[in-house]
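Colleague: Here it is, the structure, as structure tokens.
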Amino acid sequence: MISIISFFALVASTLGCGVPLYQPLNMAWRTIEDNIGNIFGGSDVIPSIINGREALPWPWQVSIQTSNGDPFCGGSLINNYWVLTAAHCEVQAGNHYVILGQNDRGSNNELIQVKRIAKVFTHPNNNRQTKFNNDVTLLKLSSPAQMSSRVSPICLPSSTTSILPGTLCVTTGWGKTETERTSRILQEATLPIVSQNQCRQQFGRRQITDAMICAGASGASSCQGDSGGPLVCQSSGVWYQVGIVSWGLKTCDVGVPLVYARVSYFRKWIDEILKYN
């Protein structure tokens with residue numbers, strides 16, 4: 001269970017965040033054997049989805065694309081003006097666009113929203129030397145998203161939220177799969193939260209900071225192209241974003257954890273950016 005989060009579940013539901021039109025399969029059905037499909041990341045040691053499965057629409061999932069329509073990162077809608085993504089995606093206002101309401105990138109029948117980016121706010125403690133630490137960026141849209149059954153925000157956890165290892169959560173993206181460089185249809189995979197100690201044993205104590213949370217090592221993984229996308233956990237029927245796809249092995253080894261930016265760690269910074277901008 002997610003401690004603290006359940007306290008806010010009723011409020012979150014009332015506010016309209018974290019409740020997709022199509023609820024995914026009961027989490028109890030999502031066994032490790034189900035995780036044979038597709039999620040990895042972004043570039044370099046950035047992840048997409050390997051051993052995932054085709055997803056029903058997740059209304060907060062966004063695709064970040066170039067002016068040519070090429071997707072290179074994911075993100076999540078947190079309110080009608082703001083998108084949360086990874087700093088290492090290096091999103092640029094004027095050169096990149098946010099696509100809302102998309103599930104099948106090959107379909108002409110989806111009512112997508114294409115949004116320009118007005119401002120980009122990257123965490124001040126993220127830099128070239130600490131590329132994957134404090135790996136978080138906020139994008140302010142030039143016009144508000146129009147909420148619908150296919151477009152709505154994800155809830156954010158409080159700064160005091162803690163999640164027990166073994167908690168099953170879901171990651172999504174259009175990144176690399178076992179057979180494709182990018183997926184046409186949004187992919188999802190269910191991954192267990194991995195303890196900090198286990199993750200540090202894998203990558204080294206200095207590599208895994210308090211600003212990170214790990215999940216996976218269970219038969220599926222995010223991979224190249226999934227970077228910036230959400231890792232979400234459910235409590236009392238409401239979904240909360242606990243992580244942002246950040247980094248992992250270049251091979252997207254499904255037996256090794258993937259590292260995500262820990263959203264609760266950045267909650268105060270996120271709130272301040274939204275309040276003053």
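Ordering of the structure tokens sets the chain letters (A, B, ...); residue numbers start at 1 within each chain; ligands are numbered from 1 in the order shown.
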Give the strand (DSSP E) residues of stretch 80-130 of chain A, as DSSP finds them on the backbone, and put them as a list in words.
Modeller: Trp82, Val83, Leu84, Thr85, His96, Tyr97, Val98, Ile99, Leu100, Gln113, Val114, Lys115, Arg116, Ile117, Ala118, Lys119, Val120, Phe121 and Thr122 of chain A
Colleague: Taking the backbone alone, and naming residues the way the document does, which bits of stretch 82-256 of chain A are helix (DSSP H, G or I) by DSSP, as a PyMOL selection string?
Modeller: chain A and resi 87-89+196-203
Colleague: Grab the residues selected above and save them as a tab-separated table (two decimals), in the first residue's frame with N, CA, C and O atoms.
Modeller:
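Final output, saved to again.tsv:
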chain	number	residue	atom	x	y	z
A	87	ALA	N	14.20	15.80	-17.10
A	87	ALA	CA	15.13	16.85	-17.51
A	87	ALA	C	16.01	16.40	-18.67
A	87	ALA	O	16.32	17.19	-19.58
A	88	HIS	N	16.41	15.12	-18.67
A	88	HIS	CA	17.34	14.67	-19.70
A	88	HIS	C	16.70	14.61	-21.09
A	88	HIS	O	17.40	14.45	-22.09
A	89	CYS	N	15.38	14.78	-21.16
A	89	CYS	CA	14.72	14.87	-22.47
A	89	CYS	C	15.09	16.16	-23.19
A	89	CYS	O	14.97	16.26	-24.42
A	196	GLN	N	15.34	0.72	-2.02
A	196	GLN	CA	16.55	1.51	-2.29
A	196	GLN	C	17.80	0.65	-2.11
A	196	GLN	O	18.75	0.76	-2.89
A	197	ASN	N	17.81	-0.20	-1.10
A	197	ASN	CA	18.99	-1.04	-0.85
A	197	ASN	C	19.24	-1.99	-2.01
A	197	ASN	O	20.38	-2.15	-2.47
A	198	GLN	N	18.18	-2.62	-2.53
A	198	GLN	CA	18.34	-3.53	-3.66
A	198	GLN	C	18.83	-2.78	-4.89
A	198	GLN	O	19.69	-3.25	-5.64
A	199	CYS	N	18.28	-1.58	-5.11
A	199	CYS	CA	18.67	-0.80	-6.27
A	199	CYS	C	20.13	-0.33	-6.15
A	199	CYS	O	20.87	-0.32	-7.13
A	200	ARG	N	20.53	0.04	-4.94
A	200	ARG	CA	21.92	0.46	-4.73
A	200	ARG	C	22.91	-0.69	-4.88
A	200	ARG	O	24.04	-0.50	-5.31
A	201	GLN	N	22.45	-1.88	-4.53
A	201	GLN	CA	23.30	-3.06	-4.74
A	201	GLN	C	23.53	-3.29	-6.23
A	201	GLN	O	24.60	-3.74	-6.64
A	202	GLN	N	22.53	-2.96	-7.04
A	202	GLN	CA	22.64	-3.14	-8.49
A	202	GLN	C	23.51	-2.07	-9.14
A	202	GLN	O	24.38	-2.36	-9.96
A	203	PHE	N	23.30	-0.79	-8.76
A	203	PHE	CA	23.96	0.31	-9.46
A	203	PHE	C	25.06	1.02	-8.66
A	203	PHE	O	25.82	1.80	-9.23
Colleague: I need the residue nearest A:Asn125 from this list: A:Val170, A:Ala211, A:Cys17, A:Ile163. Use only C-alpha atoms for the distance.
Modeller: A:Ala211
Colleague: Quick one: distance from atom CA of A:Gln234 to atom CA of A:Ser183 in Å, one decimal?
Modeller: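 Atom CA of A:Gln234 sits 24.9 Å away from atom CA of A:Ser183.
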Colleague: Nearest to A:Ile64 among A:His96, A:Arg128, A:Lys275, A:Arg184, with distances taken over only C-alpha atoms: which residue is it?
Modeller: A:His96
Colleague: Between atom CA of A:Ala93 and atom CA of A:Thr137, measure the distance and give it in Å to one decimal.
Modeller: 12.2 Å
Colleague: Figure out the distance between atom CA of A:Tyr260 and atom CA of A:Cys73, please, to one decimal in Å.
Modeller: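 Spanning atom CA of A:Cys73 to atom CA of A:Tyr260 is a straight-line distance of 14.0 Å.
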